[in-house]
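**Student:** Structure: upload.cif, mmCIF, C-alpha atoms.
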```
data_my_file
loop_
_atom_site.label_atom_id
_atom_site.label_comp_id
_atom_site.auth_asym_id
_atom_site.auth_seq_id
_atom_site.Cartn_x
_atom_site.Cartn_y
_atom_site.Cartn_z
CA MET A 1 0.00 0.00 0.00
CA GLU A 2 2.87 2.38 0.66
CA ALA A 3 4.54 3.99 -2.35
CA SER A 4 8.33 3.88 -2.22
CA ASN A 5 9.96 7.28 -2.02
CA ASP A 6 13.72 7.51 -2.41
CA THR A 7 14.05 11.26 -2.90
CA GLU A 8 13.69 13.68 -0.02
CA GLN A 9 10.66 15.88 -0.52
CA PRO A 10 10.30 19.53 0.49
CA PRO A 11 8.15 20.13 3.56
CA LEU A 12 4.46 20.31 2.77
CA PRO A 13 2.47 23.42 3.53
CA LEU A 14 -0.51 22.92 5.81
CA ALA A 15 -2.91 23.25 2.89
CA LEU A 16 -4.09 19.61 2.90
CA THR A 17 -5.48 19.73 6.43
CA ARG A 18 -7.64 22.73 5.48
CA PHE A 19 -9.52 20.42 3.16
CA GLN A 20 -9.73 17.37 5.47
CA VAL A 21 -7.16 15.61 3.30
CA SER A 22 -4.74 13.33 5.14
CA GLU A 23 -1.03 13.19 4.29
CA GLU A 24 -1.13 9.45 5.04
CA PHE A 25 -4.55 8.47 3.70
CA GLY A 26 -5.43 11.15 1.15
CA PHE A 27 -9.20 11.42 0.73
CA LEU A 28 -9.83 8.27 2.79
CA LEU A 29 -11.26 8.93 6.24
CA PRO A 30 -8.31 8.21 8.59
CA ASN A 31 -9.07 5.36 11.01
CA PRO A 32 -12.88 5.40 10.76
CA LEU A 33 -14.96 4.53 13.81
CA THR A 34 -16.61 1.09 13.73
CA GLU A 35 -19.15 1.61 16.54
CA LEU A 36 -21.79 4.29 17.14
CA PRO A 37 -22.74 5.48 20.64
CA ALA A 38 -25.11 3.19 22.57
CA PRO A 39 -28.38 5.00 21.67
CA TYR A 40 -27.82 3.99 18.04
CA GLY A 41 -27.67 0.25 18.75
CA PRO A 42 -30.85 -0.40 16.69
CA TRP A 43 -29.13 1.00 13.57
CA MET A 44 -25.94 -0.98 14.15
CA ASP A 45 -27.88 -4.21 14.84
CA ILE A 46 -29.61 -3.98 11.46
CA ALA A 47 -26.48 -2.84 9.62
CA ARG A 48 -24.45 -5.83 10.86
CA GLU A 49 -27.05 -8.27 9.52
CA LEU A 50 -27.80 -6.56 6.19
CA PRO A 51 -26.83 -9.38 3.79
CA GLN A 52 -28.90 -11.96 5.68
CA LEU A 53 -31.87 -9.61 6.18
CA ILE A 54 -31.94 -8.70 2.49
CA MET A 55 -31.57 -12.26 1.19
CA SER A 56 -34.33 -13.47 3.54
CA HIS A 57 -36.61 -10.56 2.51
CA GLN A 58 -36.80 -9.36 6.13
CA LEU A 59 -35.00 -6.00 5.99
CA ARG A 60 -38.04 -3.87 5.20
CA SER A 61 -40.05 -5.29 8.11
CA CYS A 62 -37.05 -4.75 10.44
CA VAL A 63 -36.79 -1.12 9.32
CA HIS A 64 -40.52 -0.61 9.94
CA GLN A 65 -40.00 -1.78 13.54
CA MET A 66 -36.92 0.41 14.04
CA PRO A 67 -37.38 3.19 16.64
CA GLN A 68 -37.29 6.82 15.52
CA LEU A 69 -33.92 8.02 16.86
CA SER A 70 -32.75 11.58 17.31
CA THR A 71 -29.38 12.48 15.79
CA GLN A 72 -28.53 14.86 18.66
CA HIS A 73 -26.24 12.34 20.40
CA LEU A 74 -23.87 12.15 17.40
CA ARG A 75 -20.66 14.07 18.06
CA GLY A 76 -17.91 14.97 15.63
CA ARG A 77 -17.12 14.13 12.04
CA GLU A 78 -16.21 10.47 12.63
CA GLU A 79 -19.51 9.61 14.33
CA LEU A 80 -21.45 11.45 11.64
CA HIS A 81 -19.58 9.60 8.88
CA LEU A 82 -20.26 6.22 10.47
CA ALA A 83 -23.94 7.12 10.95
CA HIS A 84 -24.15 8.18 7.29
CA LEU A 85 -22.45 4.95 6.19
CA VAL A 86 -24.83 2.82 8.26
CA LEU A 87 -27.99 4.66 7.16
CA SER A 88 -26.82 4.67 3.51
CA PHE A 89 -26.37 0.90 3.48
CA ILE A 90 -29.71 0.31 5.23
CA THR A 91 -31.42 2.62 2.71
CA MET A 92 -29.93 0.86 -0.33
CA GLY A 93 -30.96 -2.51 1.09
CA TYR A 94 -34.46 -1.22 1.86
CA VAL A 95 -35.01 0.21 -1.63
CA TRP A 96 -33.51 -2.68 -3.62
CA GLN A 97 -34.39 -5.69 -1.40
CA GLU A 98 -36.81 -7.07 -3.99
CA GLY A 99 -34.76 -6.09 -7.04
CA GLU A 100 -35.57 -3.46 -9.63
CA GLU A 101 -39.16 -4.66 -10.12
CA GLY A 102 -40.00 -4.46 -6.42
CA THR A 103 -38.81 -0.97 -5.54
CA VAL A 104 -40.52 1.35 -3.06
CA GLN A 105 -41.71 4.91 -3.54
CA VAL A 106 -41.34 6.03 0.08
CA LEU A 107 -38.45 5.77 2.54
CA PRO A 108 -40.11 5.53 5.98
CA ARG A 109 -39.84 8.44 8.39
CA ASN A 110 -37.83 6.57 11.06
CA LEU A 111 -35.05 6.04 8.49
CA ALA A 112 -35.54 9.10 6.24
CA VAL A 113 -35.50 11.84 8.91
CA PRO A 114 -32.27 10.90 10.73
CA TYR A 115 -30.63 10.08 7.38
CA TRP A 116 -31.53 13.53 6.08
CA GLU A 117 -30.26 15.24 9.26
CA VAL A 118 -26.90 13.42 9.18
CA SER A 119 -26.58 14.16 5.45
CA GLN A 120 -27.22 17.87 6.05
CA ALA A 121 -24.63 17.93 8.85
CA LEU A 122 -21.96 16.43 6.55
CA GLY A 123 -22.98 18.24 3.37
CA LEU A 124 -23.55 14.89 1.64
CA PRO A 125 -26.65 13.70 -0.25
CA PRO A 126 -28.95 11.11 1.42
CA ILE A 127 -27.80 8.17 -0.72
CA LEU A 128 -24.87 5.76 -0.70
CA SER A 129 -21.92 7.48 -2.41
CA HIS A 130 -18.21 6.82 -2.91
CA ALA A 131 -17.58 8.83 0.28
CA ASP A 132 -19.49 6.18 2.28
CA PHE A 133 -18.95 3.00 0.31
CA VAL A 134 -15.15 3.31 0.11
CA LEU A 135 -13.69 6.33 1.92
CA ALA A 136 -15.37 5.70 5.30
CA ASN A 137 -15.94 1.93 5.10
CA TRP A 138 -12.65 0.34 6.14
CA ARG A 139 -10.96 -0.94 9.27
CA ARG A 140 -7.81 -2.80 10.18
CA LYS A 141 -8.62 -6.48 10.67
CA ASP A 142 -5.36 -7.31 12.47
CA PRO A 143 -1.99 -5.77 13.47
CA ASN A 144 -0.44 -6.91 10.15
CA GLY A 145 -2.34 -4.20 8.31
CA ASN A 146 -4.91 -6.48 6.67
CA LEU A 147 -8.05 -4.54 5.87
CA ASP A 148 -11.74 -5.29 6.08
CA THR A 149 -15.00 -3.43 5.50
CA ILE A 150 -17.15 -2.08 8.34
CA ILE A 151 -20.61 -2.53 6.77
CA THR A 152 -21.49 -4.87 3.91
CA LEU A 153 -24.32 -5.89 1.56
CA PRO A 154 -25.06 -9.06 -0.42
CA GLY A 155 -22.13 -10.13 -2.59
CA GLY A 156 -19.87 -11.83 -0.05
CA GLU A 157 -16.15 -11.85 -0.83
CA SER A 158 -16.70 -10.16 -4.21
CA LEU A 159 -18.31 -7.14 -2.56
CA ARG A 160 -15.55 -7.00 0.03
CA GLY A 161 -12.96 -7.23 -2.76
CA PHE A 162 -14.67 -4.52 -4.80
CA ILE A 163 -14.63 -2.08 -1.88
CA LEU A 164 -11.08 -2.84 -0.74
CA VAL A 165 -9.50 -2.79 -4.22
CA THR A 166 -11.14 0.59 -4.81
CA LEU A 167 -9.73 1.69 -1.44
CA LEU A 168 -6.25 0.57 -2.53
CA VAL A 169 -6.59 2.69 -5.68
CA GLU A 170 -7.39 5.68 -3.44
CA LYS A 171 -4.42 4.87 -1.19
CA ALA A 172 -2.06 4.56 -4.18
CA ALA A 173 -3.06 8.10 -5.20
CA VAL A 174 -1.80 9.70 -1.96
CA PRO A 175 1.74 10.63 -3.20
CA GLY A 176 0.07 12.21 -6.22
CA ILE A 177 -2.23 14.29 -4.03
CA LYS A 178 0.79 15.61 -2.13
CA ALA A 179 2.56 16.22 -5.44
CA ILE A 180 -0.25 18.60 -6.47
CA VAL A 181 0.65 20.86 -3.54
CA TRP A 182 4.40 20.67 -4.27
CA ALA A 183 3.81 21.41 -7.95
CA LEU A 184 1.66 24.49 -7.35
CA CYS A 185 4.13 25.84 -4.75
CA ALA A 186 7.05 25.16 -7.10
CA ILE A 187 5.38 27.12 -9.91
CA LEU A 188 4.92 30.12 -7.63
CA ARG A 189 8.58 29.90 -6.53
CA ARG A 190 9.74 29.20 -10.09
CA ASP A 191 11.53 26.13 -8.71
CA GLU A 192 11.72 23.96 -11.81
CA GLU A 193 13.67 21.18 -10.12
CA THR A 194 10.99 20.66 -7.43
CA LEU A 195 8.28 20.95 -10.09
CA HIS A 196 9.95 18.23 -12.14
CA ARG A 197 10.17 15.97 -9.07
CA ALA A 198 6.51 16.65 -8.25
CA LEU A 199 5.41 15.69 -11.77
CA GLU A 200 7.46 12.49 -11.64
CA GLU A 201 5.86 11.69 -8.28
CA LEU A 202 2.39 12.34 -9.72
CA ALA A 203 3.01 10.10 -12.73
CA GLY A 204 4.28 7.33 -10.47
CA ALA A 205 1.18 7.60 -8.27
CA ILE A 206 -1.18 7.33 -11.26
CA GLU A 207 0.75 4.28 -12.51
CA ALA A 208 0.45 2.76 -9.02
CA MET A 209 -3.33 3.38 -9.15
CA SER A 210 -3.53 1.35 -12.37
CA LYS A 211 -1.55 -1.44 -10.75
CA ALA A 212 -3.93 -1.45 -7.75
CA LEU A 213 -6.97 -1.51 -10.04
CA ARG A 214 -5.68 -4.69 -11.71
CA GLN A 215 -6.33 -6.55 -8.45
CA MET A 216 -10.07 -6.30 -9.19
CA HIS A 217 -9.73 -9.45 -11.31
CA ASP A 218 -8.32 -11.40 -8.36
CA TYR A 219 -11.05 -10.54 -5.88
CA VAL A 220 -14.30 -9.76 -7.72
CA ASP A 221 -16.41 -12.29 -9.65
CA PRO A 222 -18.02 -10.53 -12.67
CA GLU A 223 -21.24 -12.55 -12.39
CA VAL A 224 -21.64 -11.72 -8.71
CA PHE A 225 -20.87 -8.06 -9.36
CA TYR A 226 -23.42 -7.78 -12.15
CA ALA A 227 -26.19 -10.01 -10.78
CA VAL A 228 -25.96 -9.22 -7.07
CA ILE A 229 -23.82 -6.21 -6.11
CA ARG A 230 -24.46 -3.61 -8.77
CA ILE A 231 -28.12 -2.93 -8.05
CA PHE A 232 -27.31 -1.83 -4.49
CA LEU A 233 -25.05 0.90 -5.87
CA SER A 234 -27.83 2.19 -8.13
CA GLY A 235 -29.60 5.46 -7.41
CA TRP A 236 -32.98 6.98 -8.20
CA LYS A 237 -31.94 9.54 -10.78
CA ASP A 238 -31.71 8.65 -14.49
CA ASN A 239 -32.73 5.10 -13.54
CA PRO A 240 -35.67 3.54 -15.46
CA ALA A 241 -36.37 1.27 -12.46
CA MET A 242 -37.20 4.34 -10.32
CA PRO A 243 -38.25 7.04 -12.79
CA HIS A 244 -39.96 9.22 -10.18
CA GLY A 245 -37.27 9.21 -7.51
CA LEU A 246 -37.90 8.51 -3.82
CA ILE A 247 -40.04 10.28 -1.20
CA TYR A 248 -38.14 10.82 2.06
CA GLU A 249 -41.07 10.68 4.49
CA GLY A 250 -41.04 13.48 7.05
CA VAL A 251 -38.54 15.42 4.93
CA SER A 252 -40.39 16.24 1.71
CA GLN A 253 -43.75 15.34 0.22
CA GLU A 254 -42.20 15.47 -3.24
CA PRO A 255 -39.91 12.67 -4.46
CA MET A 256 -36.20 13.45 -4.69
CA ALA A 257 -33.75 12.02 -7.20
CA PHE A 258 -30.11 11.19 -6.41
CA SER A 259 -27.45 9.40 -8.46
CA GLY A 260 -25.99 6.11 -7.27
CA GLY A 261 -22.38 5.49 -6.33
CA SER A 262 -19.86 6.06 -9.09
CA ALA A 263 -16.10 6.18 -9.57
CA ALA A 264 -16.78 9.67 -10.95
CA GLN A 265 -17.42 10.71 -7.32
CA SER A 266 -13.77 10.05 -6.41
CA THR A 267 -12.06 13.38 -5.74
CA VAL A 268 -8.69 12.02 -6.89
CA LEU A 269 -9.33 12.09 -10.63
CA HIS A 270 -11.05 15.49 -10.48
CA ALA A 271 -7.99 16.90 -8.70
CA PHE A 272 -5.58 15.42 -11.26
CA ASP A 273 -7.71 16.69 -14.16
CA GLU A 274 -7.73 20.21 -12.75
CA LEU A 275 -3.97 20.24 -12.16
CA LEU A 276 -3.17 18.95 -15.65
CA GLY A 277 -5.71 21.25 -17.31
CA ILE A 278 -7.71 18.40 -18.86
CA CYS A 279 -10.79 19.80 -20.64
CA HIS A 280 -13.63 17.31 -21.02
CA ARG A 281 -16.41 17.59 -23.60
CA GLU A 282 -19.51 19.46 -22.53
CA ASP A 283 -21.85 16.59 -21.65
CA SER A 284 -19.12 14.57 -19.88
CA ALA A 285 -17.92 17.67 -18.01
CA ALA A 286 -21.49 18.42 -16.89
CA PHE A 287 -21.88 14.90 -15.44
CA LEU A 288 -18.49 15.09 -13.70
CA HIS A 289 -19.36 18.46 -12.16
CA ARG A 290 -22.67 17.06 -10.90
CA MET A 291 -20.76 14.19 -9.27
CA ARG A 292 -18.84 16.75 -7.19
CA ASP A 293 -22.07 17.28 -5.22
CA TYR A 294 -21.54 13.74 -3.88
CA MET A 295 -18.11 14.53 -2.42
CA PRO A 296 -17.52 15.77 1.14
CA PRO A 297 -17.61 19.59 0.79
CA PRO A 298 -13.96 20.10 1.91
CA HIS A 299 -12.79 17.70 -0.83
CA ARG A 300 -14.90 19.52 -3.39
CA ALA A 301 -13.33 22.79 -2.19
CA PHE A 302 -9.85 21.27 -2.69
CA VAL A 303 -10.66 20.58 -6.36
CA GLU A 304 -12.02 24.11 -6.79
CA GLU A 305 -8.85 25.54 -5.22
CA ILE A 306 -6.72 23.70 -7.80
CA HIS A 307 -8.99 25.00 -10.56
CA ARG A 308 -8.37 28.58 -9.38
CA ALA A 309 -4.62 28.10 -9.06
CA VAL A 310 -1.98 29.11 -11.60
CA SER A 311 -2.04 26.95 -14.76
CA LEU A 312 0.53 24.15 -14.66
CA LYS A 313 0.18 23.49 -18.38
CA GLN A 314 0.75 27.15 -19.31
CA HIS A 315 3.77 27.28 -17.02
CA VAL A 316 5.30 24.17 -18.60
CA LEU A 317 4.59 25.46 -22.12
CA SER A 318 6.09 28.89 -21.44
CA SER A 319 9.15 27.41 -19.72
CA GLY A 320 10.30 25.69 -22.91
CA ASP A 321 11.92 23.09 -20.61
CA THR A 322 11.93 19.75 -22.42
CA ARG A 323 12.33 17.80 -19.15
CA LEU A 324 9.25 19.49 -17.71
CA CYS A 325 7.30 18.83 -20.93
CA ALA A 326 8.27 15.15 -20.82
CA ALA A 327 7.31 14.83 -17.13
CA PHE A 328 3.98 16.59 -17.76
CA ASN A 329 3.24 14.27 -20.68
CA ARG A 330 4.12 11.23 -18.59
CA CYS A 331 1.39 12.31 -16.13
CA VAL A 332 -1.17 12.76 -18.90
CA SER A 333 -0.17 9.45 -20.49
CA ALA A 334 -0.47 7.62 -17.16
CA LEU A 335 -3.92 9.14 -16.59
CA THR A 336 -4.99 8.15 -20.12
CA ASP A 337 -3.76 4.58 -19.50
CA PHE A 338 -5.65 4.46 -16.18
CA ARG A 339 -8.86 5.49 -17.91
CA SER A 340 -8.30 3.00 -20.73
CA TYR A 341 -7.84 0.25 -18.18
CA HIS A 342 -10.99 1.33 -16.37
CA ILE A 343 -12.85 0.80 -19.66
CA THR A 344 -11.39 -2.72 -19.83
CA VAL A 345 -12.63 -3.45 -16.29
CA VAL A 346 -16.11 -2.05 -17.01
CA THR A 347 -16.30 -4.11 -20.21
CA LYS A 348 -15.63 -7.29 -18.23
CA TYR A 349 -17.85 -6.52 -15.25
CA ILE A 350 -20.80 -4.92 -17.01
CA THR A 351 -20.91 -5.46 -20.79
CA ILE A 352 -19.74 -9.07 -20.95
CA ALA A 353 -21.53 -9.93 -17.69
CA ALA A 354 -24.75 -8.32 -19.02
CA ALA A 355 -24.51 -10.28 -22.26
CA LYS A 356 -24.08 -13.53 -20.32
CA ALA A 357 -26.99 -12.63 -18.05
CA LYS A 358 -29.18 -11.83 -21.05
CA ALA A 359 -28.33 -15.13 -22.68
CA GLY A 360 -29.05 -16.95 -19.44
CA ARG A 361 -32.26 -15.05 -18.82
CA ALA A 362 -33.96 -16.78 -21.71
CA GLY A 363 -33.11 -20.25 -20.49
CA PRO A 364 -33.53 -22.33 -17.32
CA GLY A 365 -31.07 -22.05 -14.44
CA ALA A 366 -30.41 -18.35 -14.87
CA ARG A 367 -28.59 -16.77 -11.97
CA ALA A 368 -30.91 -15.05 -9.51
CA GLY A 369 -30.72 -11.37 -8.66
CA PRO A 370 -30.07 -9.78 -5.25
CA ALA A 371 -32.76 -11.55 -3.24
CA GLY A 372 -33.52 -14.41 -5.58
CA GLY A 373 -35.56 -12.26 -8.01
CA LYS A 374 -34.95 -11.44 -11.65
CA LEU A 375 -31.57 -10.25 -12.84
CA PRO A 376 -31.29 -6.44 -13.08
CA SER A 377 -31.61 -5.01 -16.58
CA ALA A 378 -32.56 -1.34 -16.13
CA LEU A 379 -28.93 -0.17 -16.13
CA GLU A 380 -27.45 -2.56 -18.71
CA ALA A 381 -25.92 0.30 -20.71
CA LYS A 382 -25.53 2.79 -17.86
CA GLY A 383 -23.26 3.27 -14.90
CA THR A 384 -24.65 3.19 -11.38
CA GLY A 385 -24.32 6.98 -11.35
CA GLY A 386 -26.73 7.12 -14.33
CA SER A 387 -24.27 8.00 -17.12
CA HIS A 388 -24.29 6.26 -20.51
CA ILE A 389 -21.24 4.41 -19.42
CA PHE A 390 -19.16 3.66 -22.53
CA SER A 391 -19.69 6.90 -24.38
CA PHE A 392 -18.86 8.69 -21.11
CA LEU A 393 -15.73 6.67 -20.27
CA LYS A 394 -14.37 6.83 -23.82
CA SER A 395 -15.07 10.56 -23.99
CA ILE A 396 -13.11 11.33 -20.79
CA ARG A 397 -10.29 8.98 -21.85
CA ASP A 398 -9.99 10.67 -25.26
CA SER A 399 -10.12 14.20 -23.86
CA THR A 400 -7.43 13.20 -21.34
CA ARG A 401 -5.17 12.03 -24.17
CA GLU A 402 -5.76 15.37 -25.95
CA GLY A 403 -4.21 17.10 -22.93
CA MET A 404 -0.70 16.06 -24.03
CA ILE A 405 1.76 18.82 -24.93
CA SER A 406 2.84 18.47 -28.56
CA ALA A 407 6.56 18.22 -29.23
#
```
Would you encode the structure as structure tokens?

**Tutor:**
Amino acid sequence: MEASNDTEQPPLPLALTRFQVSEEFGFLLPNPLTELPAPYGPWMDIARELPQLIMSHQLRSCVHQMPQLSTQHLRGREELHLAHLVLSFITMGYVWQEGEEGTVQVLPRNLAVPYWEVSQALGLPPILSHADFVLANWRRKDPNGNLDTIITLPGGESLRGFILVTLLVEKAAVPGIKAIVWALCAILRRDEETLHRALEELAGAIEAMSKALRQMHDYVDPEVFYAVIRIFLSGWKDNPAMPHGLIYEGVSQEPMAFSGGSAAQSTVLHAFDELLGICHREDSAAFLHRMRDYMPPPHRAFVEEIHRAVSLKQHVLSSGDTRLCAAFNRCVSALTDFRSYHITVVTKYITIAAAKAKAGRAGPGARAGPAGGKLPSALEAKGTGGSHIFSFLKSIRDSTREGMISA
């Protein structure tokens, strides 16, 4: 998990802490809590049993019996994040327990009201997002540094693998996040040597992210991901299975629509794009900007701060320094390769898996969906965030490649 670092780096300014970014863990929540205070035992009891409750079709009845709890006993960011994680997972299980043909229109008051209050306190939407699913959902299983999830859903080891591999991609990005700060400081100081080192560090971090992503094949079964896991990451915006959204009882009488979890909600790639001056096409850029609403507000502010900073690309171009140009292009090339590999992963886990599911759907013995129902089909060509997945991924990959500096 640790990136090797042979060269001594300049001291970092305190900028990262302003944005709740950790020098050790990046955008991951450092050492998340795994237990809520005693009054929230009813939430934790349900959350610990989610896979079994969903598969036995008992979660909804358990939620209906859940007491209405006040959020006033929650103290500090860590408790709020764990509460949001727990309520997000319970909500996804509640909505999707019976698959895409058995959805609900109303989230009951005893779940919706505290969920809304915790979401407002954190500045996050009331739906499972990358900030919950990955950034706040990890713990150390033993002193050797082995990791595990805190809360889970149906999908067994494949779900655990999907979360933890994504976490390792986030962890691999940490030297690159620090390199952003060094690079911007170096530009202001006109310190080309430090800038060159920062760009090399950034490129190495992006390459390490690609290496981490390759572990997906070792830990996640495509059939389980497509048939069981994926629906629980799906939202109620741009989703044919829930065209009218969801009413949060006690919060609003009108339904609300939120996108499901998506890799596009990871702050890492937004930060790298802003630093490297990558310009995405209008429709792709609009979707990416909407996904920033699903990030913790301090992380979103970090991306906006990079956007407002001096242009790295213009500085490199005006310097005429061939070493800087080569280091810049290595970063862009590494980011392009990462996005190309992401397309390869999505092809395996969604397109090929969907084709197999479709073929099996017509015949006997087809694999069952999340709670033994039909296989999901509403999002066959879309990501869980609601984007048209291949046109979107290819568009951002191609516009990344176009960010190279010509010789």

**Student:** For the structure shown, which residues end up in the PyMOL selection byres ((chain A and resi 249) around 9)? Put them as an MDAnalysis selection string, please?

**Tutor:** chainID A and resid 106:113 247:248 250:253

**Student:** Figure out the distance between CA of Pro42 (chain A) and CA of His84 (chain A), please, to one decimal in Å.

**Tutor:** 14.4 Å

**Student:** Just the number, please: distance in Å from CA of Glu170 (chain A) to CA of Ser333 (chain A), one decimal.

**Tutor:**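 Rounded to one decimal, the two atoms are 18.9 Å apart.
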
**Student:** Extract, using only C-alpha atoms, all DNA, RNA and protein residues at most 10 Å from Pro298 (chain A), discarding same-chain residues fewer than 3 positions from it, and format them as a list of chain:residue names.

**Tutor:** A:Leu16, A:Thr17, A:Arg18, A:Phe19, A:Gln20, A:Val21, A:Phe27, A:Leu122, A:Gly123, A:Met295, A:Ala301, A:Phe302, A:Val303, A:Glu304

**Student:** Mind giving me the straight-line distance from CA of Asp148 (chain A) to CA of Val228 (chain A) in Å, one decimal?

**Tutor:**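 One can read the CA of Asp148 (chain A) to CA of Val228 (chain A) distance as 19.8 Å.
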
**Student:** Counting only C-alpha atoms, figure out which residue out of A:Met242, A:Leu159, A:Ala286, A:Leu202 gets nearest to Tyr226 (chain A).

**Tutor:**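 Smallest separation from Tyr226 (chain A) among the options: A:Leu159.
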
**Student:** List the residues sitting within 8 Å of (-35.4, -3.2, 1.5) in the file's frame, using all atoms listed in the file, as a short mmCIF file (atom, residue, chain, number, x, y, z; two decimals) with C-alpha atoms, keeping the file's coordinate frame.

**Tutor:**
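The file below, result-v7.cif, is the result:
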```cif
data_model
loop_
_atom_site.label_atom_id
_atom_site.label_comp_id
_atom_site.auth_asym_id
_atom_site.auth_seq_id
_atom_site.Cartn_x
_atom_site.Cartn_y
_atom_site.Cartn_z
CA ILE A 54 -31.94 -8.70 2.49
CA HIS A 57 -36.61 -10.56 2.51
CA GLN A 58 -36.80 -9.36 6.13
CA LEU A 59 -35.00 -6.00 5.99
CA ARG A 60 -38.04 -3.87 5.20
CA ILE A 90 -29.71 0.31 5.23
CA THR A 91 -31.42 2.62 2.71
CA MET A 92 -29.93 0.86 -0.33
CA GLY A 93 -30.96 -2.51 1.09
CA TYR A 94 -34.46 -1.22 1.86
CA VAL A 95 -35.01 0.21 -1.63
CA TRP A 96 -33.51 -2.68 -3.62
CA GLN A 97 -34.39 -5.69 -1.40
CA GLU A 98 -36.81 -7.07 -3.99
#
```

**Student:** Which residues are close to Pro37 (chain A), i.e. within 9 Å by all atoms listed in the file, leaving aside same-chain residues fewer than 5 positions away? Reply as a PDB file with C-alpha atoms, in the coordinates of the input.

**Tutor:**
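Saved file selection_16.pdb follows:
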```
ATOM      1  CA  HIS A  73     -26.240  12.340  20.400  1.00  0.00           C
ATOM      2  CA  LEU A  74     -23.870  12.150  17.400  1.00  0.00           C
ATOM      3  CA  GLU A  79     -19.510   9.610  14.330  1.00  0.00           C
TER       4      GLU A  79
END
```

**Student:** What's around Ile180 (chain A) at 8 Å? Count all atoms listed in the file, leave out sequence neighbours fewer than 4 positions away in its own chain, and write the answer as a PyMOL selection string.

**Tutor:** chain A and resi 176+184+198+202+272+275

**Student:** Please identify all polymer residues within 7 Å of Lys237 (chain A), counting all atoms listed in the file, omitting same-chain residues fewer than 3 positions from it, and present them as a list in words.

**Tutor:**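 Non-adjacent residues within range: Gly245, Ala257, Phe258, Ser259 and Gly386 of chain A.
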
**Student:** Restricting the calculation to only C-alpha atoms, which member of A:Ala131, A:Ala357, A:Leu393, A:Val118 is positioned closest to Pro32 (chain A)?

**Tutor:**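 Ranked by minimum distance to Pro32 (chain A), first place goes to A:Ala131.
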
**Student:** Could you state which residues are captured by the PyMOL selection byres ((chain A and resi 23) around 9) in this file, as a CSV table (one decimal) with C-alpha atoms, in the frame of the given file?

**Tutor:**
```
chain,number,residue,atom,x,y,z
A,16,LEU,CA,-4.1,19.6,2.9
A,17,THR,CA,-5.5,19.7,6.4
A,21,VAL,CA,-7.2,15.6,3.3
A,22,SER,CA,-4.7,13.3,5.1
A,24,GLU,CA,-1.1,9.4,5.0
A,25,PHE,CA,-4.6,8.5,3.7
A,26,GLY,CA,-5.4,11.2,1.2
A,174,VAL,CA,-1.8,9.7,-2.0
A,175,PRO,CA,1.7,10.6,-3.2
A,177,ILE,CA,-2.2,14.3,-4.0
A,178,LYS,CA,0.8,15.6,-2.1
```

**Student:** For Phe338 (chain A), list every protein, DNA or RNA residue within 8 Å, evaluated using only C-alpha atoms, and leave out those in the same chain fewer than 4 positions away; present the list as a PyMOL selection string.

**Tutor:** chain A and resi 206-207+209-210+334+342
